[in-house]
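Listing of structure21.txt; format and content: compact mmCIF, C-alpha atoms.
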```txt
# COMPACT_ATOMS: atom_id res chain seq x y z
CA MET N 1 -13.83 -219.68 -136.03
CA THR N 2 -15.05 -218.44 -132.63
CA VAL N 3 -14.24 -214.80 -131.84
CA ASN N 4 -13.09 -213.89 -128.31
CA ILE N 5 -14.55 -210.72 -126.82
CA ALA N 6 -12.67 -209.48 -123.75
CA ASN N 7 -14.42 -206.25 -122.75
CA LEU N 8 -17.49 -204.13 -123.33
CA GLU N 9 -15.78 -201.88 -125.87
CA GLU N 10 -14.87 -204.90 -127.99
CA ALA N 11 -18.48 -206.06 -127.74
CA LYS N 12 -19.74 -202.67 -128.96
CA SER N 13 -17.20 -202.67 -131.78
CA ARG N 14 -18.38 -206.09 -132.92
CA VAL N 15 -22.00 -204.92 -132.92
CA LYS N 16 -21.03 -201.91 -135.03
CA GLU N 17 -19.33 -204.22 -137.56
CA LEU N 18 -22.50 -206.30 -137.80
CA LEU N 19 -24.65 -203.19 -138.27
CA ASP N 20 -22.33 -201.98 -141.03
CA ALA N 21 -22.94 -205.27 -142.85
CA ASP N 22 -26.69 -205.81 -142.34
CA GLU N 23 -29.82 -203.68 -142.38
CA ARG N 24 -31.12 -205.39 -139.23
CA VAL N 25 -29.03 -207.34 -136.72
CA ILE N 26 -30.45 -209.88 -134.28
CA LEU N 27 -27.81 -210.68 -131.67
CA GLY N 28 -28.33 -213.63 -129.36
CA ILE N 29 -26.58 -213.83 -126.00
CA VAL N 30 -26.50 -217.24 -124.35
CA GLY N 31 -24.94 -218.62 -121.20
CA ALA N 32 -25.66 -220.58 -118.05
CA PRO N 33 -28.02 -219.14 -115.42
CA GLY N 34 -26.27 -216.31 -113.58
CA ALA N 35 -23.64 -215.71 -116.26
CA GLY N 36 -24.64 -212.08 -116.79
CA LYS N 37 -26.58 -212.40 -120.05
CA SER N 38 -29.28 -209.89 -119.15
CA THR N 39 -26.78 -207.31 -117.93
CA LEU N 40 -24.75 -207.53 -121.13
CA ALA N 41 -27.90 -207.41 -123.28
CA GLN N 42 -29.13 -204.31 -121.46
CA LEU N 43 -25.76 -202.54 -121.75
CA LEU N 44 -25.58 -203.19 -125.49
CA ALA N 45 -29.19 -202.19 -126.12
CA GLU N 46 -28.60 -198.95 -124.22
CA ALA N 47 -25.33 -198.27 -126.06
CA PHE N 48 -27.13 -198.35 -129.42
CA ALA N 49 -30.50 -196.95 -128.32
CA GLU N 50 -30.08 -193.85 -130.50
CA GLY N 51 -28.10 -195.29 -133.39
CA VAL N 52 -24.48 -196.13 -134.07
CA PRO N 53 -22.23 -193.77 -132.08
CA GLY N 54 -19.98 -191.71 -134.32
CA ASP N 55 -21.56 -192.60 -137.68
CA GLY N 56 -22.72 -189.05 -138.34
CA ALA N 57 -26.40 -189.99 -138.71
CA GLU N 58 -29.18 -188.24 -136.84
CA PRO N 59 -30.06 -190.08 -133.58
CA LYS N 60 -33.29 -192.04 -133.79
CA ASP N 61 -35.38 -193.36 -130.90
CA HIS N 62 -35.84 -197.13 -130.71
CA PHE N 63 -32.85 -197.90 -132.92
CA SER N 64 -32.34 -200.89 -130.58
CA ALA N 65 -34.63 -203.28 -128.74
CA TRP N 66 -33.96 -205.79 -125.98
CA VAL N 67 -36.17 -208.87 -126.40
CA PRO N 68 -35.48 -211.52 -123.72
CA MET N 69 -36.22 -215.20 -124.28
CA ASP N 70 -37.64 -215.27 -120.74
CA GLY N 71 -40.77 -213.57 -122.06
CA TYR N 72 -41.60 -217.02 -123.44
CA HIS N 73 -41.61 -218.73 -120.05
CA LEU N 74 -44.78 -220.76 -119.70
CA ALA N 75 -46.97 -219.21 -117.01
CA ASP N 76 -47.09 -220.92 -113.61
CA VAL N 77 -50.68 -222.00 -114.17
CA GLU N 78 -49.59 -223.99 -117.24
CA LEU N 79 -46.47 -225.34 -115.53
CA ARG N 80 -48.68 -226.68 -112.73
CA ARG N 81 -50.94 -228.39 -115.28
CA LEU N 82 -47.90 -229.97 -116.92
CA GLY N 83 -46.30 -230.91 -113.60
CA ARG N 84 -43.16 -228.86 -114.36
CA LEU N 85 -43.38 -225.98 -111.87
CA GLN N 86 -40.53 -227.39 -109.76
CA ARG N 87 -38.34 -227.44 -112.89
CA LYS N 88 -39.09 -223.87 -114.02
CA GLY N 89 -36.28 -222.74 -116.30
CA ALA N 90 -35.70 -226.13 -117.93
CA ILE N 91 -35.84 -226.21 -121.71
CA ASP N 92 -39.35 -227.68 -121.81
CA THR N 93 -40.79 -224.88 -119.64
CA PHE N 94 -40.61 -222.35 -122.50
CA ASP N 95 -42.76 -221.76 -125.58
CA ALA N 96 -39.98 -222.40 -128.10
CA ARG N 97 -42.28 -222.21 -131.11
CA GLY N 98 -43.68 -218.86 -130.01
CA TYR N 99 -40.15 -217.50 -129.54
CA ARG N 100 -39.11 -218.86 -132.94
CA SER N 101 -42.11 -217.17 -134.55
CA LEU N 102 -41.22 -213.81 -132.98
CA LEU N 103 -37.60 -213.95 -134.18
CA ARG N 104 -38.67 -214.96 -137.67
CA ARG N 105 -41.07 -211.99 -137.85
CA ILE N 106 -38.35 -209.62 -136.68
CA SER N 107 -35.81 -211.11 -139.08
CA ALA N 108 -38.23 -210.87 -142.03
CA GLY N 109 -38.91 -207.18 -141.32
CA GLU N 110 -42.65 -207.62 -141.02
CA ASP N 111 -44.63 -204.41 -141.53
CA GLY N 112 -45.76 -202.44 -138.50
CA VAL N 113 -44.79 -202.74 -134.87
CA ILE N 114 -43.97 -206.22 -133.64
CA TYR N 115 -44.76 -206.69 -129.95
CA ALA N 116 -42.71 -209.03 -127.78
CA PRO N 117 -43.42 -210.23 -124.25
CA MET N 118 -41.23 -209.46 -121.25
CA PHE N 119 -40.60 -211.40 -118.04
CA GLU N 120 -41.64 -209.56 -114.89
CA ARG N 121 -39.18 -210.58 -112.16
CA ASP N 122 -41.31 -209.46 -109.21
CA LEU N 123 -44.26 -211.52 -110.45
CA GLU N 124 -42.03 -214.25 -111.92
CA GLN N 125 -44.45 -214.31 -114.87
CA PRO N 126 -44.37 -213.34 -118.57
CA LEU N 127 -46.27 -210.22 -119.70
CA ALA N 128 -47.53 -210.13 -123.28
CA GLY N 129 -47.17 -207.16 -125.62
CA ALA N 130 -44.67 -205.27 -123.45
CA ILE N 131 -41.76 -204.62 -125.84
CA PRO N 132 -42.20 -202.86 -129.22
CA VAL N 133 -39.90 -203.57 -132.15
CA PHE N 134 -40.44 -200.83 -134.73
CA PRO N 135 -39.86 -201.13 -138.50
CA TRP N 136 -36.83 -198.82 -138.11
CA THR N 137 -35.34 -200.77 -135.17
CA ARG N 138 -32.04 -202.01 -136.59
CA PHE N 139 -30.43 -203.70 -133.58
CA VAL N 140 -32.33 -206.37 -131.64
CA VAL N 141 -30.57 -208.13 -128.79
CA THR N 142 -32.12 -211.23 -127.29
CA GLU N 143 -30.75 -213.40 -124.51
CA GLY N 144 -31.56 -216.71 -122.89
CA ASN N 145 -30.41 -220.16 -121.93
CA TYR N 146 -31.16 -222.27 -124.98
CA LEU N 147 -30.33 -220.19 -128.06
CA LEU N 148 -27.75 -222.75 -129.24
CA ASP N 149 -29.72 -225.89 -128.44
CA ASP N 150 -30.73 -228.06 -131.39
CA ALA N 151 -33.79 -229.76 -129.88
CA ASP N 152 -37.05 -229.31 -131.80
CA ALA N 153 -37.82 -225.65 -132.55
CA TRP N 154 -34.65 -224.37 -130.88
CA LYS N 155 -32.49 -225.13 -133.92
CA ASP N 156 -34.70 -222.74 -135.91
CA VAL N 157 -34.32 -220.12 -133.19
CA ARG N 158 -30.57 -220.11 -133.84
CA ALA N 159 -31.13 -219.82 -137.59
CA ALA N 160 -33.14 -216.60 -137.14
CA MET N 161 -30.26 -214.73 -135.48
CA THR N 162 -27.30 -212.92 -137.04
CA GLU N 163 -24.84 -214.10 -134.39
CA VAL N 164 -24.94 -215.81 -131.00
CA TRP N 165 -22.41 -215.03 -128.26
CA TYR N 166 -21.68 -217.32 -125.33
CA VAL N 167 -21.04 -215.55 -122.00
CA ASP N 168 -18.47 -217.37 -119.88
CA VAL N 169 -17.96 -216.69 -116.18
CA ASP N 170 -16.42 -218.42 -113.15
CA ASP N 171 -18.88 -221.10 -111.99
CA ASP N 172 -18.52 -220.34 -108.28
CA LEU N 173 -19.29 -216.66 -108.88
CA ARG N 174 -22.21 -217.58 -111.13
CA ARG N 175 -23.74 -219.89 -108.54
CA GLU N 176 -23.41 -217.30 -105.77
CA ARG N 177 -25.16 -214.75 -108.01
CA LEU N 178 -27.99 -217.22 -108.53
CA VAL N 179 -28.40 -217.90 -104.82
CA GLU N 180 -28.53 -214.17 -104.12
CA ARG N 181 -31.06 -213.67 -106.93
CA HIS N 182 -33.36 -216.42 -105.66
CA ILE N 183 -33.22 -215.00 -102.13
CA ARG N 184 -33.95 -211.50 -103.48
CA PHE N 185 -37.08 -212.82 -105.16
CA GLY N 186 -38.47 -214.66 -102.15
CA LYS N 187 -36.70 -217.98 -101.51
CA GLU N 188 -35.15 -218.84 -98.15
CA SER N 189 -31.36 -219.29 -98.20
CA GLU N 190 -31.42 -223.10 -97.96
CA GLN N 191 -34.21 -223.35 -100.52
CA ALA N 192 -32.28 -221.05 -102.88
CA ARG N 193 -29.09 -223.15 -102.69
CA LYS N 194 -31.07 -226.35 -103.21
CA TRP N 195 -32.77 -224.86 -106.30
CA VAL N 196 -29.43 -223.75 -107.75
CA MET N 197 -27.84 -227.18 -107.38
CA GLU N 198 -30.85 -229.31 -108.36
CA VAL N 199 -32.47 -227.17 -111.08
CA ASP N 200 -30.19 -224.39 -112.34
CA GLU N 201 -27.05 -226.54 -112.53
CA VAL N 202 -28.81 -229.25 -114.53
CA ASN N 203 -29.74 -226.55 -117.06
CA ALA N 204 -26.22 -225.08 -116.92
CA ARG N 205 -24.65 -228.37 -118.02
CA ARG N 206 -26.95 -228.59 -121.01
CA ILE N 207 -26.19 -225.00 -122.00
CA ALA N 208 -22.41 -225.46 -121.63
CA ALA N 209 -22.51 -228.49 -123.93
CA CYS N 210 -23.62 -226.19 -126.77
CA ARG N 211 -20.98 -223.47 -126.36
CA GLY N 212 -18.95 -224.73 -129.34
CA ARG N 213 -21.74 -223.54 -131.65
CA ALA N 214 -21.36 -219.89 -130.61
CA ASP N 215 -19.95 -217.26 -132.98
CA ALA N 216 -18.13 -215.53 -130.13
CA THR N 217 -17.17 -216.16 -126.52
CA VAL N 218 -17.51 -213.25 -124.11
CA GLU N 219 -15.34 -213.24 -120.99
CA LEU N 220 -16.09 -209.90 -119.42
CA PRO N 221 -15.09 -208.75 -115.94
CA PRO N 222 -17.80 -209.58 -113.36
CA LEU N 223 -21.02 -207.72 -114.14
CA ASP N 224 -23.46 -206.70 -111.43
CA LEU N 225 -26.79 -208.44 -111.84
```
Could you render the structure from this file as structure tokens?
Amino acid sequence: MTVNIANLEEAKSRVKELLDADERVILGIVGAPGAGKSTLAQLLAEAFAEGVPGDGAEPKDHFSAWVPMDGYHLADVELRRLGRLQRKGAIDTFDARGYRSLLRRISAGEDGVIYAPMFERDLEQPLAGAIPVFPWTRFVVTEGNYLLDDADAWKDVRAAMTEVWYVDVDDDLRRERLVERHIRFGKESEQARKWVMEVDEVNARRIAACRGRADATVELPPLDL
């Protein structure tokens, strides 16, 4: 049965329940482009950065880690070789097997520090080895478009996570956020709107088709991106 999460406090409470039940929790946050996944992931990672509030334990640095799926974007040089640069963000423009391998290592509690890549928005490129996940990191939040997809390696991505939440938001608001984001990172207004309708919305329909597989649906008030 899908759980409904209506506000940030309910989201934090759900995370605490998961941490009470498991030694390490990997929470996936999925949703269409512009839904607010990254904002929610960051808020939750920050909320648990020093442990579970109110549990009486001593605070510990790096209790949480935010590991975005976007770190597994294929670099532009490879997208050009594959002829996919004008479809950047589609499911076949990510290294799904690399992402699956990372989540499996985190889930298995591999010894030592596990390093994850990040996605640098100004460069629009992934950066390797940017995010440490320590052996004592108990809460790992990861977000991206295709966490509930069942194509190829993606079905194993879902299996590596404790829960996956689907972030729902008004489509008109989501599209306006996307246009503003594309303009902020260098596209002209007309080019940004064209990209949203011809690239982002194609991906959004695929993502929405998988929402029934989520463990929870999150319908938070609008979050600033």
Report summary line: The residue from N:Tyr146, N:Phe48, N:Trp165, N:Tyr115 with the smallest atom-to-atom distance to Arg206 in chain N, counting all atoms listed in the file, is N:Tyr146
Report task. Skip Ala214 in chain N itself and residues of its chain fewer than 5 positions away, then list as a ChimeraX atom specification all residues within 10 Å of it, counting only C-alpha atoms. Result -> /N:1-3,28-30,147-148,158,163-167
Contact check, range 65-127 of chain N to range 18-26 of chain N, at most 10 Å, counting only C-alpha atoms, closest pairs as JSON lines:
```
{"residue": "N:Ala65", "atom": "CA", "partner": "N:Ile26", "partner_atom": "CA", "distance": 9.6}
{"residue": "N:Trp66", "atom": "CA", "partner": "N:Ile26", "partner_atom": "CA", "distance": 9.9}
{"residue": "N:Val67", "atom": "CA", "partner": "N:Ile26", "partner_atom": "CA", "distance": 9.8}
{"residue": "N:Leu103", "atom": "CA", "partner": "N:Ile26", "partner_atom": "CA", "distance": 8.2}
{"residue": "N:Ile106", "atom": "CA", "partner": "N:Ile26", "partner_atom": "CA", "distance": 8.3}
{"residue": "N:Ser107", "atom": "CA", "partner": "N:Ile26", "partner_atom": "CA", "distance": 7.3}
{"residue": "N:Ala108", "atom": "CA", "partner": "N:Arg24", "partner_atom": "CA", "distance": 9.4}
{"residue": "N:Gly109", "atom": "CA", "partner": "N:Arg24", "partner_atom": "CA", "distance": 8.3}
```
Write the selection just made, keeping C-alpha atoms, as a compact mmCIF listing (two decimals), keeping the file's coordinate frame?
```txt
# COMPACT_ATOMS: atom_id res chain seq x y z
CA ALA N 65 -34.63 -203.28 -128.74
CA TRP N 66 -33.96 -205.79 -125.98
CA VAL N 67 -36.17 -208.87 -126.40
CA LEU N 103 -37.60 -213.95 -134.18
CA ILE N 106 -38.35 -209.62 -136.68
CA SER N 107 -35.81 -211.11 -139.08
CA ALA N 108 -38.23 -210.87 -142.03
CA GLY N 109 -38.91 -207.18 -141.32
```
Leaving out Arg97 in chain N and any residue of its chain fewer than 3 positions from it, which residues lie within 8 Å of it when counting all atoms listed in the file, given as an mmCIF file with C-alpha atoms, keeping the file's coordinate frame?
```cif
data_model
loop_
_atom_site.group_PDB
_atom_site.id
_atom_site.type_symbol
_atom_site.label_atom_id
_atom_site.label_comp_id
_atom_site.auth_asym_id
_atom_site.auth_seq_id
_atom_site.Cartn_x
_atom_site.Cartn_y
_atom_site.Cartn_z
ATOM 1 C CA ARG N 100 -39.110 -218.860 -132.940
ATOM 2 C CA SER N 101 -42.110 -217.170 -134.550
ATOM 3 C CA ALA N 153 -37.820 -225.650 -132.550
ATOM 4 C CA TRP N 154 -34.650 -224.370 -130.880
#
```
Could you put an axis-aligned box around every listed atom of range 40-57 of chain N, padded by 6 Å on each side, and send me its centre and edge lengths in Å to one decimal, as JSON?
```
{"center_x": -25.2, "center_y": -198.3, "center_z": -129.9, "size_x": 22.5, "size_y": 30.5, "size_z": 29.6}
```
Report task. Please provide the set of residues having any atom within 10 Å of Ala75 in chain N, restricted to only C-alpha atoms, with same-chain residues fewer than 6 positions apart removed, written as number ranges by chain. Result -> N: 85, 88, 93-95, 124-127
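One finds CA of Val15 in chain N at 11.3 Å from CA of Ser64 in chain N.
Point (-29.5, -213.9, -124.3) has the following residues at most 8 Å away: Gly28, Ile29, Val30, Gly31, Lys37, Ser38, Ala41, Pro68, Met69, Val141, Thr142, Glu143, Gly144, Asn145 and Leu147 of chain N (atoms considered: all atoms listed in the file).
By all atoms listed in the file, and with residues fewer than 5 positions from Glu10 in chain N along its chain excluded, the set lying at most 12 Å from it is Val3, Asn4, Ile5, Val15, Lys16, Glu17, Leu44, Ala216, Thr217, Val218, Glu219 and Leu220 of chain N.
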Query raised in the report: How many Å lie between CA of Arg181 in chain N and CA of Glu198 in chain N, rounded to one decimal?
Result: 15.7 Å
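Atom pair CA of Asp61 in chain N / CA of Leu43 in chain N has a distance of 16.1 Å (rounded to one decimal).
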Which residues, written as a PDB file with C-alpha atoms, in the frame of the given file, have at least one atom at most 8 Å from range 58-60 of chain N, with all atoms listed in the file counted and residues fewer than 5 positions away on the same chain left out?
```pdb
ATOM      1  CA  ALA N  49     -30.500-196.950-128.320  1.00  0.00           C
ATOM      2  CA  GLU N  50     -30.080-193.850-130.500  1.00  0.00           C
ATOM      3  CA  GLY N  51     -28.100-195.290-133.390  1.00  0.00           C
TER       4      GLY N  51
END
```
At a cut-off of 12 Å, can you tabulate as CSV every residue of range 129-179 of chain N near range 199-204 of chain N together with its closest atom pair and the distance in Å to one decimal, using only C-alpha atoms and ordering rows by chain then number?
```
residue,atom,partner,partner_atom,distance
N:Gly144,CA,N:Asn203,CA,11.6
N:Asn145,CA,N:Asn203,CA,8.1
N:Tyr146,CA,N:Asn203,CA,9.1
N:Asp149,CA,N:Asn203,CA,11.4
N:Val167,CA,N:Ala204,CA,12.0
N:Asp168,CA,N:Ala204,CA,11.3
N:Val169,CA,N:Ala204,CA,11.8
N:Asp171,CA,N:Ala204,CA,9.7
N:Asp172,CA,N:Glu201,CA,11.4
N:Arg174,CA,N:Glu201,CA,10.3
N:Arg175,CA,N:Glu201,CA,8.4
N:Glu176,CA,N:Asp200,CA,11.8
N:Arg177,CA,N:Asp200,CA,11.7
N:Leu178,CA,N:Asp200,CA,8.4
N:Val179,CA,N:Asp200,CA,10.1
```
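Minimum atom-to-atom distances from N:Glu46, N:Asn7, N:Phe185, N:Arg193 to Phe139 in chain N were compared using all atoms listed in the file, and the lowest value belongs to N:Glu46.
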Query raised in the report: Of the candidates N:Gly56, N:Leu40, N:Pro132, N:Arg81, which one gets nearest to Lys12 in chain N if we count all atoms listed in the file?
Result: N:Leu40
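Using all atoms listed in the file, the nearest neighbour of Asp156 in chain N within the list N:Leu102, N:Phe119, N:Ala45, N:Gly71 is N:Leu102.
Shortest atom-to-atom contact with Ala35 in chain N among N:Leu173, N:Val77, N:Val157, N:Ala128: N:Leu173, counting all atoms listed in the file.
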Residue completion, range 2-24 of chain N, N, CA, C and O atoms, as an mmCIF file, keeping the file's coordinate frame:
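Once written, part-v9.cif looks like this:
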```cif
data_model
loop_
_atom_site.group_PDB
_atom_site.id
_atom_site.type_symbol
_atom_site.label_atom_id
_atom_site.label_comp_id
_atom_site.auth_asym_id
_atom_site.auth_seq_id
_atom_site.Cartn_x
_atom_site.Cartn_y
_atom_site.Cartn_z
ATOM 1 N N THR N 2 -14.425 -219.191 -133.713
ATOM 2 C CA THR N 2 -15.050 -218.440 -132.630
ATOM 3 C C THR N 2 -14.224 -217.208 -132.286
ATOM 4 O O THR N 2 -13.012 -217.282 -132.089
ATOM 5 N N VAL N 3 -14.880 -216.069 -132.213
ATOM 6 C CA VAL N 3 -14.240 -214.800 -131.840
ATOM 7 C C VAL N 3 -14.233 -214.677 -130.329
ATOM 8 O O VAL N 3 -15.206 -215.054 -129.663
ATOM 9 N N ASN N 4 -13.155 -214.152 -129.752
ATOM 10 C CA ASN N 4 -13.090 -213.890 -128.310
ATOM 11 C C ASN N 4 -13.305 -212.408 -128.060
ATOM 12 O O ASN N 4 -12.622 -211.565 -128.646
ATOM 13 N N ILE N 5 -14.234 -212.095 -127.184
ATOM 14 C CA ILE N 5 -14.550 -210.720 -126.820
ATOM 15 C C ILE N 5 -14.176 -210.526 -125.353
ATOM 16 O O ILE N 5 -14.711 -211.214 -124.474
ATOM 17 N N ALA N 6 -13.260 -209.582 -125.085
ATOM 18 C CA ALA N 6 -12.670 -209.480 -123.750
ATOM 19 C C ALA N 6 -13.205 -208.321 -122.911
ATOM 20 O O ALA N 6 -12.964 -208.297 -121.706
ATOM 21 N N ASN N 7 -13.899 -207.378 -123.521
ATOM 22 C CA ASN N 7 -14.420 -206.250 -122.750
ATOM 23 C C ASN N 7 -15.611 -205.639 -123.471
ATOM 24 O O ASN N 7 -15.911 -205.985 -124.616
ATOM 25 N N LEU N 8 -16.264 -204.715 -122.786
ATOM 26 C CA LEU N 8 -17.490 -204.130 -123.330
ATOM 27 C C LEU N 8 -17.230 -203.338 -124.595
ATOM 28 O O LEU N 8 -18.046 -203.335 -125.528
ATOM 29 N N GLU N 9 -16.091 -202.653 -124.664
ATOM 30 C CA GLU N 9 -15.780 -201.880 -125.870
ATOM 31 C C GLU N 9 -15.606 -202.795 -127.080
ATOM 32 O O GLU N 9 -16.027 -202.452 -128.187
ATOM 33 N N GLU N 10 -14.982 -203.939 -126.889
ATOM 34 C CA GLU N 10 -14.870 -204.900 -127.990
ATOM 35 C C GLU N 10 -16.246 -205.417 -128.402
ATOM 36 O O GLU N 10 -16.505 -205.645 -129.595
ATOM 37 N N ALA N 11 -17.126 -205.611 -127.433
ATOM 38 C CA ALA N 11 -18.480 -206.060 -127.740
ATOM 39 C C ALA N 11 -19.210 -205.020 -128.586
ATOM 40 O O ALA N 11 -19.863 -205.347 -129.586
ATOM 41 N N LYS N 12 -19.096 -203.749 -128.200
ATOM 42 C CA LYS N 12 -19.740 -202.670 -128.960
ATOM 43 C C LYS N 12 -19.156 -202.580 -130.372
ATOM 44 O O LYS N 12 -19.893 -202.373 -131.345
ATOM 45 N N SER N 13 -17.849 -202.740 -130.478
ATOM 46 C CA SER N 13 -17.200 -202.670 -131.780
ATOM 47 C C SER N 13 -17.698 -203.786 -132.695
ATOM 48 O O SER N 13 -17.932 -203.565 -133.893
ATOM 49 N N ARG N 14 -17.877 -204.967 -132.129
ATOM 50 C CA ARG N 14 -18.380 -206.090 -132.920
ATOM 51 C C ARG N 14 -19.810 -205.826 -133.398
ATOM 52 O O ARG N 14 -20.152 -206.104 -134.557
ATOM 53 N N VAL N 15 -20.628 -205.263 -132.523
ATOM 54 C CA VAL N 15 -22.000 -204.920 -132.920
ATOM 55 C C VAL N 15 -21.990 -203.915 -134.069
ATOM 56 O O VAL N 15 -22.744 -204.039 -135.037
ATOM 57 N N LYS N 16 -21.123 -202.917 -133.969
ATOM 58 C CA LYS N 16 -21.030 -201.910 -135.030
ATOM 59 C C LYS N 16 -20.649 -202.563 -136.361
ATOM 60 O O LYS N 16 -21.205 -202.216 -137.419
ATOM 61 N N GLU N 17 -19.716 -203.506 -136.342
ATOM 62 C CA GLU N 17 -19.330 -204.220 -137.560
ATOM 63 C C GLU N 17 -20.530 -204.946 -138.169
ATOM 64 O O GLU N 17 -20.737 -204.940 -139.386
ATOM 65 N N LEU N 18 -21.323 -205.577 -137.318
ATOM 66 C CA LEU N 18 -22.500 -206.300 -137.800
ATOM 67 C C LEU N 18 -23.518 -205.340 -138.401
ATOM 68 O O LEU N 18 -24.126 -205.631 -139.443
ATOM 69 N N LEU N 19 -23.698 -204.183 -137.764
ATOM 70 C CA LEU N 19 -24.650 -203.190 -138.270
ATOM 71 C C LEU N 19 -24.181 -202.582 -139.591
ATOM 72 O O LEU N 19 -24.997 -202.213 -140.445
ATOM 73 N N ASP N 20 -22.881 -202.477 -139.761
ATOM 74 C CA ASP N 20 -22.330 -201.980 -141.030
ATOM 75 C C ASP N 20 -22.613 -202.951 -142.180
ATOM 76 O O ASP N 20 -22.685 -202.543 -143.345
ATOM 77 N N ALA N 21 -22.778 -204.234 -141.830
ATOM 78 C CA ALA N 21 -22.940 -205.270 -142.850
ATOM 79 C C ALA N 21 -24.392 -205.623 -143.151
ATOM 80 O O ALA N 21 -24.703 -206.132 -144.227
ATOM 81 N N ASP N 22 -25.297 -205.384 -142.191
ATOM 82 C CA ASP N 22 -26.690 -205.810 -142.340
ATOM 83 C C ASP N 22 -27.653 -204.685 -141.983
ATOM 84 O O ASP N 22 -27.367 -203.859 -141.098
ATOM 85 N N GLU N 23 -28.803 -204.686 -142.639
ATOM 86 C CA GLU N 23 -29.820 -203.680 -142.380
ATOM 87 C C GLU N 23 -30.430 -203.862 -140.990
ATOM 88 O O GLU N 23 -30.757 -202.901 -140.304
ATOM 89 N N ARG N 24 -30.625 -205.105 -140.579
ATOM 90 C CA ARG N 24 -31.120 -205.390 -139.230
ATOM 91 C C ARG N 24 -30.288 -206.528 -138.639
ATOM 92 O O ARG N 24 -30.066 -207.551 -139.301
#
```
